[in-house]
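coords23.cif follows; it contains mmCIF, N, CA, C and O atoms.
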data_protein
loop_
_atom_site.label_atom_id
_atom_site.label_comp_id
_atom_site.auth_asym_id
_atom_site.auth_seq_id
_atom_site.Cartn_x
_atom_site.Cartn_y
_atom_site.Cartn_z
N MET T 165 8.53 -43.12 73.29
CA MET T 165 7.36 -42.34 73.01
C MET T 165 6.20 -43.30 72.75
O MET T 165 6.21 -44.04 71.78
N PRO T 166 5.22 -43.33 73.59
CA PRO T 166 4.10 -44.26 73.43
C PRO T 166 3.19 -43.84 72.28
O PRO T 166 3.01 -42.65 72.00
N THR T 167 2.63 -44.84 71.62
CA THR T 167 1.68 -44.59 70.53
C THR T 167 0.41 -45.37 70.81
O THR T 167 0.36 -46.18 71.73
N GLY T 168 -0.60 -45.16 70.00
CA GLY T 168 -1.87 -45.86 70.16
C GLY T 168 -1.89 -47.21 69.45
O GLY T 168 -2.92 -47.89 69.45
N TYR T 169 -0.77 -47.61 68.83
CA TYR T 169 -0.72 -48.86 68.09
C TYR T 169 -0.09 -49.95 68.94
O TYR T 169 0.80 -49.70 69.74
N ASP T 170 -0.53 -51.18 68.70
CA ASP T 170 0.10 -52.29 69.43
C ASP T 170 1.43 -52.65 68.77
O ASP T 170 1.73 -52.22 67.66
N SER T 171 2.22 -53.45 69.45
CA SER T 171 3.57 -53.76 68.96
C SER T 171 3.54 -54.57 67.67
O SER T 171 4.44 -54.43 66.83
N THR T 172 2.54 -55.40 67.47
CA THR T 172 2.45 -56.19 66.23
C THR T 172 2.26 -55.27 65.02
O THR T 172 2.91 -55.46 63.98
N THR T 173 1.43 -54.27 65.14
CA THR T 173 1.21 -53.32 64.05
C THR T 173 2.48 -52.53 63.76
O THR T 173 2.85 -52.34 62.60
N LEU T 174 3.14 -52.07 64.81
CA LEU T 174 4.37 -51.30 64.62
C LEU T 174 5.45 -52.14 63.92
O LEU T 174 6.10 -51.68 62.99
N TRP T 175 5.64 -53.38 64.39
CA TRP T 175 6.64 -54.24 63.75
C TRP T 175 6.24 -54.58 62.33
O TRP T 175 7.10 -54.70 61.45
N GLY T 176 4.97 -54.71 62.07
CA GLY T 176 4.51 -54.96 60.70
C GLY T 176 4.83 -53.80 59.78
O GLY T 176 5.27 -54.00 58.64
N VAL T 177 4.63 -52.59 60.26
CA VAL T 177 4.96 -51.40 59.46
C VAL T 177 6.47 -51.32 59.24
O VAL T 177 6.93 -51.01 58.13
N ILE T 178 7.26 -51.59 60.26
CA ILE T 178 8.72 -51.54 60.13
C ILE T 178 9.20 -52.56 59.12
O ILE T 178 10.02 -52.27 58.24
N VAL T 179 8.69 -53.78 59.21
CA VAL T 179 9.10 -54.83 58.27
C VAL T 179 8.65 -54.49 56.86
O VAL T 179 9.41 -54.66 55.89
N ALA T 180 7.42 -54.01 56.70
CA ALA T 180 6.93 -53.64 55.37
C ALA T 180 7.76 -52.53 54.75
O ALA T 180 8.11 -52.57 53.56
N ALA T 181 8.12 -51.53 55.55
CA ALA T 181 8.96 -50.44 55.04
C ALA T 181 10.33 -50.96 54.64
O ALA T 181 10.88 -50.56 53.60
N GLY T 182 10.89 -51.85 55.43
CA GLY T 182 12.19 -52.43 55.09
C GLY T 182 12.14 -53.25 53.82
O GLY T 182 13.02 -53.16 52.96
N VAL T 183 11.10 -54.07 53.66
CA VAL T 183 10.96 -54.89 52.46
C VAL T 183 10.77 -54.01 51.23
O VAL T 183 11.37 -54.25 50.17
N LEU T 184 9.94 -52.98 51.34
CA LEU T 184 9.72 -52.08 50.20
C LEU T 184 11.00 -51.32 49.83
O LEU T 184 11.30 -51.16 48.65
N THR T 185 11.74 -50.86 50.82
CA THR T 185 12.99 -50.17 50.54
C THR T 185 13.98 -51.10 49.85
O THR T 185 14.62 -50.72 48.86
N PHE T 186 14.08 -52.33 50.34
CA PHE T 186 14.97 -53.31 49.73
C PHE T 186 14.52 -53.62 48.30
O PHE T 186 15.35 -53.74 47.39
N ALA T 187 13.22 -53.74 48.07
CA ALA T 187 12.70 -54.04 46.74
C ALA T 187 12.98 -52.92 45.76
O ALA T 187 13.34 -53.16 44.60
N ILE T 188 12.83 -51.68 46.21
CA ILE T 188 13.10 -50.55 45.32
C ILE T 188 14.58 -50.52 44.93
O ILE T 188 14.92 -50.36 43.76
N ARG T 189 15.45 -50.68 45.89
CA ARG T 189 16.88 -50.66 45.59
C ARG T 189 17.27 -51.87 44.74
O ARG T 189 18.06 -51.76 43.81
N GLY T 190 16.73 -53.02 45.07
CA GLY T 190 17.03 -54.22 44.30
C GLY T 190 16.52 -54.15 42.88
O GLY T 190 17.12 -54.72 41.96
N SER T 191 15.41 -53.46 42.67
CA SER T 191 14.87 -53.35 41.31
C SER T 191 15.83 -52.61 40.39
O SER T 191 15.97 -52.96 39.22
N PHE T 192 16.51 -51.58 40.90
CA PHE T 192 17.47 -50.86 40.07
C PHE T 192 18.69 -51.73 39.77
O PHE T 192 19.21 -51.70 38.66
N ILE T 193 19.14 -52.49 40.75
CA ILE T 193 20.27 -53.39 40.51
C ILE T 193 19.88 -54.43 39.46
O ILE T 193 20.62 -54.71 38.53
N TYR T 194 18.68 -54.97 39.60
CA TYR T 194 18.20 -55.96 38.64
C TYR T 194 18.03 -55.33 37.26
O TYR T 194 18.45 -55.91 36.24
N LEU T 195 17.43 -54.15 37.19
CA LEU T 195 17.19 -53.48 35.92
C LEU T 195 18.49 -53.17 35.20
O LEU T 195 18.66 -53.48 34.02
N PHE T 196 19.44 -52.55 35.89
CA PHE T 196 20.69 -52.17 35.25
C PHE T 196 21.58 -53.37 34.99
O PHE T 196 22.51 -53.29 34.19
N GLY T 197 21.33 -54.49 35.64
CA GLY T 197 22.06 -55.72 35.33
C GLY T 197 21.53 -56.40 34.08
O GLY T 197 22.22 -57.20 33.45
N ARG T 198 20.29 -56.11 33.69
CA ARG T 198 19.67 -56.77 32.54
C ARG T 198 19.79 -55.99 31.25
O ARG T 198 19.64 -56.56 30.18
N ILE T 199 20.02 -54.69 31.33
CA ILE T 199 20.15 -53.92 30.10
C ILE T 199 21.62 -53.67 29.81
O ILE T 199 22.46 -53.58 30.71
N ASP T 200 21.94 -53.59 28.53
CA ASP T 200 23.34 -53.41 28.13
C ASP T 200 23.78 -51.95 28.19
O ASP T 200 24.88 -51.65 28.61
N THR T 201 22.91 -51.07 27.77
CA THR T 201 23.27 -49.65 27.78
C THR T 201 22.17 -48.86 28.48
O THR T 201 20.99 -49.16 28.35
N ILE T 202 22.60 -47.89 29.22
CA ILE T 202 21.66 -47.00 29.90
C ILE T 202 21.32 -45.88 28.93
O ILE T 202 22.22 -45.30 28.32
N PRO T 203 20.04 -45.56 28.76
CA PRO T 203 19.69 -44.45 27.87
C PRO T 203 20.39 -43.16 28.29
O PRO T 203 20.58 -42.89 29.48
N ARG T 204 20.75 -42.37 27.32
CA ARG T 204 21.52 -41.14 27.57
C ARG T 204 20.77 -40.18 28.48
O ARG T 204 21.36 -39.54 29.34
N ARG T 205 19.46 -40.08 28.32
CA ARG T 205 18.67 -39.17 29.17
C ARG T 205 18.69 -39.62 30.63
O ARG T 205 18.80 -38.80 31.54
N VAL T 206 18.61 -40.92 30.86
CA VAL T 206 18.66 -41.44 32.23
C VAL T 206 20.05 -41.22 32.81
O VAL T 206 20.20 -40.80 33.96
N GLN T 207 21.07 -41.47 32.00
CA GLN T 207 22.44 -41.29 32.47
C GLN T 207 22.72 -39.83 32.82
O GLN T 207 23.34 -39.54 33.84
N SER T 208 22.25 -38.91 31.99
CA SER T 208 22.49 -37.50 32.29
C SER T 208 21.69 -37.05 33.51
O SER T 208 22.16 -36.20 34.28
N ALA T 209 20.50 -37.61 33.73
CA ALA T 209 19.72 -37.27 34.92
C ALA T 209 20.38 -37.83 36.18
O ALA T 209 20.39 -37.17 37.23
N LEU T 210 20.97 -39.02 36.10
CA LEU T 210 21.61 -39.62 37.27
C LEU T 210 22.88 -38.89 37.68
O LEU T 210 23.32 -39.02 38.82
N GLU T 211 23.46 -38.11 36.80
CA GLU T 211 24.66 -37.36 37.15
C GLU T 211 24.38 -36.28 38.19
O GLU T 211 25.27 -35.86 38.91
N TYR T 212 23.13 -35.83 38.29
CA TYR T 212 22.78 -34.76 39.22
C TYR T 212 22.28 -35.29 40.57
O TYR T 212 22.04 -34.50 41.48
N VAL T 213 22.15 -36.59 40.72
CA VAL T 213 21.63 -37.16 41.95
C VAL T 213 22.54 -36.86 43.16
O VAL T 213 22.04 -36.43 44.20
N PRO T 214 23.85 -37.08 43.08
CA PRO T 214 24.69 -36.78 44.26
C PRO T 214 24.61 -35.33 44.71
O PRO T 214 24.52 -35.06 45.91
N ALA T 215 24.63 -34.40 43.77
CA ALA T 215 24.55 -32.98 44.14
C ALA T 215 23.20 -32.65 44.77
O ALA T 215 23.12 -31.88 45.74
N ALA T 216 22.13 -33.23 44.23
CA ALA T 216 20.80 -32.97 44.78
C ALA T 216 20.66 -33.53 46.19
O ALA T 216 20.10 -32.88 47.07
N ILE T 217 21.19 -34.72 46.41
CA ILE T 217 21.12 -35.32 47.76
C ILE T 217 21.96 -34.52 48.74
O ILE T 217 21.54 -34.24 49.86
N PHE T 218 23.15 -34.11 48.31
CA PHE T 218 24.01 -33.30 49.17
C PHE T 218 23.33 -31.99 49.54
O PHE T 218 23.35 -31.58 50.71
N ALA T 219 22.74 -31.33 48.57
CA ALA T 219 22.04 -30.07 48.84
C ALA T 219 20.87 -30.28 49.79
O ALA T 219 20.65 -29.46 50.69
N ALA T 220 20.13 -31.36 49.61
CA ALA T 220 18.99 -31.63 50.49
C ALA T 220 19.43 -31.92 51.92
O ALA T 220 18.70 -31.63 52.88
N LEU T 221 20.61 -32.46 52.09
CA LEU T 221 21.12 -32.74 53.44
C LEU T 221 21.75 -31.51 54.09
O LEU T 221 21.61 -31.31 55.30
N VAL T 222 22.44 -30.70 53.31
CA VAL T 222 23.22 -29.60 53.88
C VAL T 222 22.40 -28.32 54.04
O VAL T 222 22.53 -27.62 55.05
N LEU T 223 21.56 -27.99 53.09
CA LEU T 223 20.87 -26.70 53.10
C LEU T 223 20.03 -26.47 54.36
O LEU T 223 20.11 -25.37 54.93
N PRO T 224 19.26 -27.44 54.86
CA PRO T 224 18.51 -27.17 56.10
C PRO T 224 19.42 -26.85 57.29
O PRO T 224 19.08 -26.03 58.13
N ALA T 225 20.58 -27.48 57.35
CA ALA T 225 21.51 -27.20 58.45
C ALA T 225 22.11 -25.80 58.33
O ALA T 225 22.51 -25.22 59.34
N LEU T 226 22.17 -25.27 57.12
CA LEU T 226 22.72 -23.92 56.94
C LEU T 226 21.71 -22.83 57.20
O LEU T 226 22.02 -21.83 57.83
N VAL T 227 20.50 -22.98 56.70
CA VAL T 227 19.51 -21.90 56.80
C VAL T 227 18.65 -21.99 58.05
O VAL T 227 18.02 -21.00 58.42
N ALA T 228 18.58 -23.15 58.68
CA ALA T 228 17.77 -23.30 59.89
C ALA T 228 18.50 -24.16 60.92
O ALA T 228 18.06 -25.25 61.25
N PRO T 229 19.61 -23.68 61.46
CA PRO T 229 20.37 -24.51 62.40
C PRO T 229 19.65 -24.79 63.71
O PRO T 229 19.88 -25.82 64.34
N SER T 230 18.75 -23.91 64.12
CA SER T 230 18.04 -24.13 65.38
C SER T 230 16.57 -24.48 65.16
O SER T 230 15.79 -24.46 66.10
N GLY T 231 16.21 -24.76 63.92
CA GLY T 231 14.83 -25.14 63.63
C GLY T 231 14.00 -24.07 62.98
O GLY T 231 12.98 -24.34 62.40
N SER T 232 14.44 -22.83 63.06
CA SER T 232 13.73 -21.73 62.40
C SER T 232 14.70 -21.05 61.42
O SER T 232 15.91 -21.05 61.63
N LEU T 233 14.15 -20.48 60.37
CA LEU T 233 14.99 -19.86 59.35
C LEU T 233 15.77 -18.69 59.92
O LEU T 233 15.22 -17.85 60.63
N GLN T 234 17.06 -18.64 59.58
CA GLN T 234 17.93 -17.56 60.04
C GLN T 234 18.78 -17.07 58.87
O GLN T 234 19.85 -17.61 58.59
N PHE T 235 18.30 -16.06 58.17
CA PHE T 235 19.04 -15.47 57.07
C PHE T 235 19.67 -14.17 57.55
O PHE T 235 19.17 -13.08 57.30
N SER T 236 20.77 -14.31 58.29
CA SER T 236 21.46 -13.13 58.80
C SER T 236 22.94 -13.42 58.91
O SER T 236 23.38 -14.57 58.81
N LEU T 237 23.72 -12.38 59.12
CA LEU T 237 25.16 -12.56 59.31
C LEU T 237 25.47 -13.20 60.65
O LEU T 237 26.59 -13.67 60.87
N GLY T 238 24.50 -13.24 61.55
CA GLY T 238 24.69 -13.90 62.83
C GLY T 238 24.66 -15.42 62.72
O GLY T 238 25.07 -16.12 63.64
N ASN T 239 24.20 -15.93 61.62
CA ASN T 239 24.18 -17.37 61.38
C ASN T 239 25.52 -17.77 60.78
O ASN T 239 25.74 -17.70 59.57
N GLU T 240 26.44 -18.19 61.66
CA GLU T 240 27.79 -18.49 61.19
C GLU T 240 27.84 -19.68 60.23
O GLU T 240 28.69 -19.74 59.35
N ARG T 241 26.92 -20.61 60.35
CA ARG T 241 26.90 -21.74 59.42
C ARG T 241 26.55 -21.28 58.01
O ARG T 241 27.14 -21.76 57.04
N LEU T 242 25.60 -20.38 57.90
CA LEU T 242 25.21 -19.87 56.58
C LEU T 242 26.35 -19.08 55.95
O LEU T 242 26.63 -19.22 54.76
N VAL T 243 27.02 -18.27 56.74
CA VAL T 243 28.14 -17.47 56.21
C VAL T 243 29.27 -18.39 55.78
O VAL T 243 29.83 -18.24 54.69
N ALA T 244 29.61 -19.38 56.61
CA ALA T 244 30.68 -20.32 56.25
C ALA T 244 30.30 -21.15 55.03
O ALA T 244 31.13 -21.41 54.16
N GLY T 245 29.06 -21.56 54.95
CA GLY T 245 28.59 -22.31 53.79
C GLY T 245 28.64 -21.49 52.52
O GLY T 245 28.97 -22.00 51.44
N THR T 246 28.31 -20.21 52.63
CA THR T 246 28.38 -19.32 51.47
C THR T 246 29.82 -19.15 51.01
O THR T 246 30.12 -19.19 49.81
N LEU T 247 30.73 -18.97 51.95
CA LEU T 247 32.15 -18.85 51.60
C LEU T 247 32.67 -20.14 50.98
O LEU T 247 33.45 -20.11 50.01
N ALA T 248 32.23 -21.29 51.50
CA ALA T 248 32.63 -22.57 50.93
C ALA T 248 32.07 -22.73 49.52
O ALA T 248 32.75 -23.25 48.62
N ALA T 249 30.85 -22.29 49.30
CA ALA T 249 30.25 -22.37 47.96
C ALA T 249 31.00 -21.50 46.98
O ALA T 249 31.22 -21.88 45.81
N ILE T 250 31.43 -20.32 47.41
CA ILE T 250 32.21 -19.44 46.55
C ILE T 250 33.56 -20.08 46.22
O ILE T 250 34.02 -20.06 45.07
N ALA T 251 34.19 -20.70 47.23
CA ALA T 251 35.45 -21.39 46.99
C ALA T 251 35.26 -22.56 46.02
O ALA T 251 36.10 -22.79 45.15
N ALA T 252 34.16 -23.27 46.16
CA ALA T 252 33.88 -24.38 45.24
C ALA T 252 33.66 -23.88 43.83
O ALA T 252 34.09 -24.51 42.86
N TRP T 253 33.00 -22.74 43.70
CA TRP T 253 32.73 -22.17 42.38
C TRP T 253 34.04 -21.78 41.67
O TRP T 253 34.21 -22.05 40.49
N TYR T 254 34.94 -21.16 42.41
CA TYR T 254 36.17 -20.68 41.78
C TYR T 254 37.21 -21.77 41.59
O TYR T 254 37.89 -21.81 40.57
N THR T 255 37.39 -22.65 42.58
CA THR T 255 38.48 -23.62 42.50
C THR T 255 38.06 -24.96 41.93
O THR T 255 38.89 -25.67 41.37
N GLU T 256 36.79 -25.34 42.11
CA GLU T 256 36.28 -26.65 41.69
C GLU T 256 37.08 -27.79 42.31
O GLU T 256 37.26 -28.85 41.71
N ARG T 257 37.54 -27.59 43.53
CA ARG T 257 38.30 -28.62 44.25
C ARG T 257 37.62 -28.87 45.60
O ARG T 257 37.37 -27.95 46.36
N VAL T 258 37.37 -30.13 45.88
CA VAL T 258 36.64 -30.51 47.09
C VAL T 258 37.43 -30.18 48.34
O VAL T 258 36.88 -29.67 49.31
N VAL T 259 38.71 -30.46 48.34
CA VAL T 259 39.53 -30.24 49.54
C VAL T 259 39.58 -28.75 49.88
O VAL T 259 39.47 -28.38 51.06
N VAL T 260 39.71 -27.90 48.88
CA VAL T 260 39.73 -26.45 49.12
C VAL T 260 38.38 -26.00 49.67
O VAL T 260 38.32 -25.19 50.60
N THR T 261 37.30 -26.53 49.11
CA THR T 261 35.96 -26.17 49.58
C THR T 261 35.77 -26.54 51.04
O THR T 261 35.28 -25.73 51.84
N ILE T 262 36.15 -27.75 51.40
CA ILE T 262 36.01 -28.19 52.79
C ILE T 262 36.89 -27.35 53.71
O ILE T 262 36.45 -26.93 54.79
N ALA T 263 38.11 -27.09 53.29
CA ALA T 263 39.03 -26.30 54.12
C ALA T 263 38.50 -24.89 54.33
O ALA T 263 38.50 -24.38 55.47
N VAL T 264 38.04 -24.24 53.28
CA VAL T 264 37.52 -22.87 53.40
C VAL T 264 36.30 -22.86 54.31
O VAL T 264 36.17 -22.00 55.19
N GLY T 265 35.39 -23.81 54.12
CA GLY T 265 34.19 -23.85 54.95
C GLY T 265 34.50 -24.09 56.42
O GLY T 265 33.93 -23.43 57.29
N MET T 266 35.39 -25.02 56.70
CA MET T 266 35.71 -25.32 58.10
C MET T 266 36.48 -24.18 58.76
O MET T 266 36.20 -23.83 59.91
N VAL T 267 37.45 -23.62 58.06
CA VAL T 267 38.20 -22.50 58.64
C VAL T 267 37.26 -21.31 58.89
O VAL T 267 37.32 -20.67 59.95
N ALA T 268 36.39 -21.03 57.94
CA ALA T 268 35.44 -19.93 58.12
C ALA T 268 34.53 -20.19 59.30
O ALA T 268 34.26 -19.29 60.10
N LEU T 269 34.03 -21.40 59.44
CA LEU T 269 33.16 -21.72 60.56
C LEU T 269 33.89 -21.60 61.89
O LEU T 269 33.36 -21.03 62.85
N TRP T 270 35.11 -22.11 61.95
CA TRP T 270 35.88 -22.00 63.20
C TRP T 270 36.17 -20.55 63.55
O TRP T 270 36.07 -20.16 64.70
N VAL T 271 36.56 -19.76 62.56
CA VAL T 271 36.88 -18.35 62.83
C VAL T 271 35.61 -17.63 63.30
O VAL T 271 35.64 -16.87 64.27
N LEU T 272 34.49 -17.84 62.61
CA LEU T 272 33.26 -17.17 62.98
C LEU T 272 32.74 -17.62 64.35
O LEU T 272 32.17 -16.84 65.10
N ARG T 273 32.93 -18.87 64.66
CA ARG T 273 32.41 -19.40 65.92
C ARG T 273 33.30 -19.07 67.12
O ARG T 273 32.81 -18.74 68.20
N PHE T 274 34.61 -19.17 66.94
CA PHE T 274 35.51 -19.06 68.09
C PHE T 274 36.28 -17.75 68.17
O PHE T 274 36.79 -17.42 69.23
N VAL T 275 36.41 -17.02 67.07
CA VAL T 275 37.19 -15.79 67.10
C VAL T 275 36.29 -14.56 67.10
O VAL T 275 36.51 -13.64 67.87
N VAL T 276 35.30 -14.55 66.24
CA VAL T 276 34.45 -13.36 66.09
C VAL T 276 33.42 -13.33 67.17
O VAL T 276 32.91 -14.20 67.68
#
Rewrite the coordinates I just gave you, this time as structure tokens.
Amino acid sequence: MPTGYDSTTLWGVIVAAGVLTFAIRGSFIYLFGRIDTIPRRVQSALEYVPAAIFAALVLPALVAPSGSLQFSLGNERLVAGTLAAIAAWYTERVVVTIAVGMVALWVLRFVV
């Protein structure tokens, strides 16, 4: 995809973004290596990071699989994801959640 920028500018932006990303990640490693205890508020906030990242990655694929919002029973990904969420709520087991979601998706996609 051609752009209006020359290659030197593009490579400069790529390198700058890489250096900044590395610096941000390295700062946390450096910070947590220098302190003995993590404050309780920070520790409790960090416990929610994996769930928030997972939700941010999965939710768009469930509610907008083709790029536009689809809140209907015809959206098999949304239905399978809802069933998987219900299984996760009741069982609190990752393997059961994955199994329920995948079986539901396969049944909805290939059988129904």
(message) Quick check, in Å to one decimal: how far apart do CA of Ala244 (chain T) and atom C of Ala268 (chain T) lie?
(response)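 Atom C of Ala268 (chain T) lies at a distance of 4.9 Å from CA of Ala244 (chain T).
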Take every atom of region 213-228 of chain T listed in the file, pad by 3 Å on each side, and give me the axis-aligned box centre and edge lengths in Å, one decimal, as lines of an AutoDock Vina configuration file.
center_x = 21.2
center_y = -29.1
center_z = 51.0
size_x = 12.9
size_y = 22.2
size_z = 26.5
(message) Which residue is closest to Leu242 (chain T)? Choose from T:Val267, T:Ala215, T:Val227, T:Ala180 and count only N, CA, C and O atoms.
(response) T:Val227
(message) I'd like the contact shell of region 247-253 of chain T - 8 Å cut-off, only N, CA, C and O atoms, skipping same-chain residues fewer than 5 positions apart - returned as JSON, numbers by chain.
(response) {"T": [240, 241, 242, 258, 260, 261, 262, 263, 264, 265, 266, 268]}
(message) What's the separation between CA of Ala187 (chain T) and CA of Trp175 (chain T), in Å to one decimal place?
(response)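 CA of Ala187 (chain T) sits 18.1 Å away from CA of Trp175 (chain T).
Pairwise distance (CA of Gly182 (chain T), CA of Gly231 (chain T)) equals 28.7 Å.
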(request) From a DSSP calculation on the backbone, collect every residue of region 179-255 of chain T in helix (DSSP H, G or I) and output the set as an MDAnalysis selection string. (result) chainID T and resid 179:198 204:210 213:227 240:255
(message) Counting only N, CA, C and O atoms, which residue out of T:Leu184, T:Ile217, T:Leu226, T:Ala209 sits closest to Asn239 (chain T)?
(response)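 Closest to Asn239 (chain T) of all the choices is T:Leu226.
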Please produce region 214-222 of chain T, completed to all heavy atoms, as a short mmCIF file (atom, residue, chain, number, x, y, z; two decimals), in the coordinates of the input.
data_model
loop_
_atom_site.label_atom_id
_atom_site.label_comp_id
_atom_site.auth_asym_id
_atom_site.auth_seq_id
_atom_site.Cartn_x
_atom_site.Cartn_y
_atom_site.Cartn_z
N PRO T 214 23.85 -37.08 43.08
CA PRO T 214 24.69 -36.78 44.26
C PRO T 214 24.61 -35.33 44.71
O PRO T 214 24.52 -35.06 45.91
CB PRO T 214 26.11 -37.15 43.80
CG PRO T 214 25.91 -38.11 42.69
CD PRO T 214 24.64 -37.70 42.01
N ALA T 215 24.63 -34.40 43.77
CA ALA T 215 24.55 -32.98 44.14
C ALA T 215 23.20 -32.65 44.77
O ALA T 215 23.12 -31.88 45.74
CB ALA T 215 24.79 -32.11 42.92
N ALA T 216 22.13 -33.23 44.23
CA ALA T 216 20.80 -32.97 44.78
C ALA T 216 20.66 -33.53 46.19
O ALA T 216 20.10 -32.88 47.07
CB ALA T 216 19.73 -33.57 43.86
N ILE T 217 21.19 -34.72 46.41
CA ILE T 217 21.12 -35.32 47.76
C ILE T 217 21.96 -34.52 48.74
O ILE T 217 21.54 -34.24 49.86
CB ILE T 217 21.57 -36.79 47.70
CG1 ILE T 217 20.54 -37.61 46.95
CG2 ILE T 217 21.78 -37.35 49.10
CD1 ILE T 217 20.96 -39.02 46.67
N PHE T 218 23.15 -34.11 48.31
CA PHE T 218 24.01 -33.30 49.17
C PHE T 218 23.33 -31.99 49.54
O PHE T 218 23.35 -31.58 50.71
CB PHE T 218 25.35 -33.06 48.49
CG PHE T 218 26.31 -32.28 49.33
CD1 PHE T 218 26.89 -32.84 50.45
CD2 PHE T 218 26.62 -30.97 49.02
CE1 PHE T 218 27.76 -32.12 51.24
CE2 PHE T 218 27.49 -30.23 49.80
CZ PHE T 218 28.06 -30.81 50.91
N ALA T 219 22.74 -31.33 48.57
CA ALA T 219 22.04 -30.07 48.84
C ALA T 219 20.87 -30.28 49.79
O ALA T 219 20.65 -29.46 50.69
CB ALA T 219 21.57 -29.44 47.53
N ALA T 220 20.13 -31.36 49.61
CA ALA T 220 18.99 -31.63 50.49
C ALA T 220 19.43 -31.92 51.92
O ALA T 220 18.70 -31.63 52.88
CB ALA T 220 18.18 -32.80 49.95
N LEU T 221 20.61 -32.46 52.09
CA LEU T 221 21.12 -32.74 53.44
C LEU T 221 21.75 -31.51 54.09
O LEU T 221 21.61 -31.31 55.30
CB LEU T 221 22.15 -33.88 53.39
CG LEU T 221 21.61 -35.25 53.04
CD1 LEU T 221 22.76 -36.23 52.87
CD2 LEU T 221 20.65 -35.75 54.10
N VAL T 222 22.44 -30.70 53.31
CA VAL T 222 23.22 -29.60 53.88
C VAL T 222 22.40 -28.32 54.04
O VAL T 222 22.53 -27.62 55.05
CB VAL T 222 24.46 -29.34 53.01
CG1 VAL T 222 25.16 -28.06 53.41
CG2 VAL T 222 25.41 -30.50 53.10
#
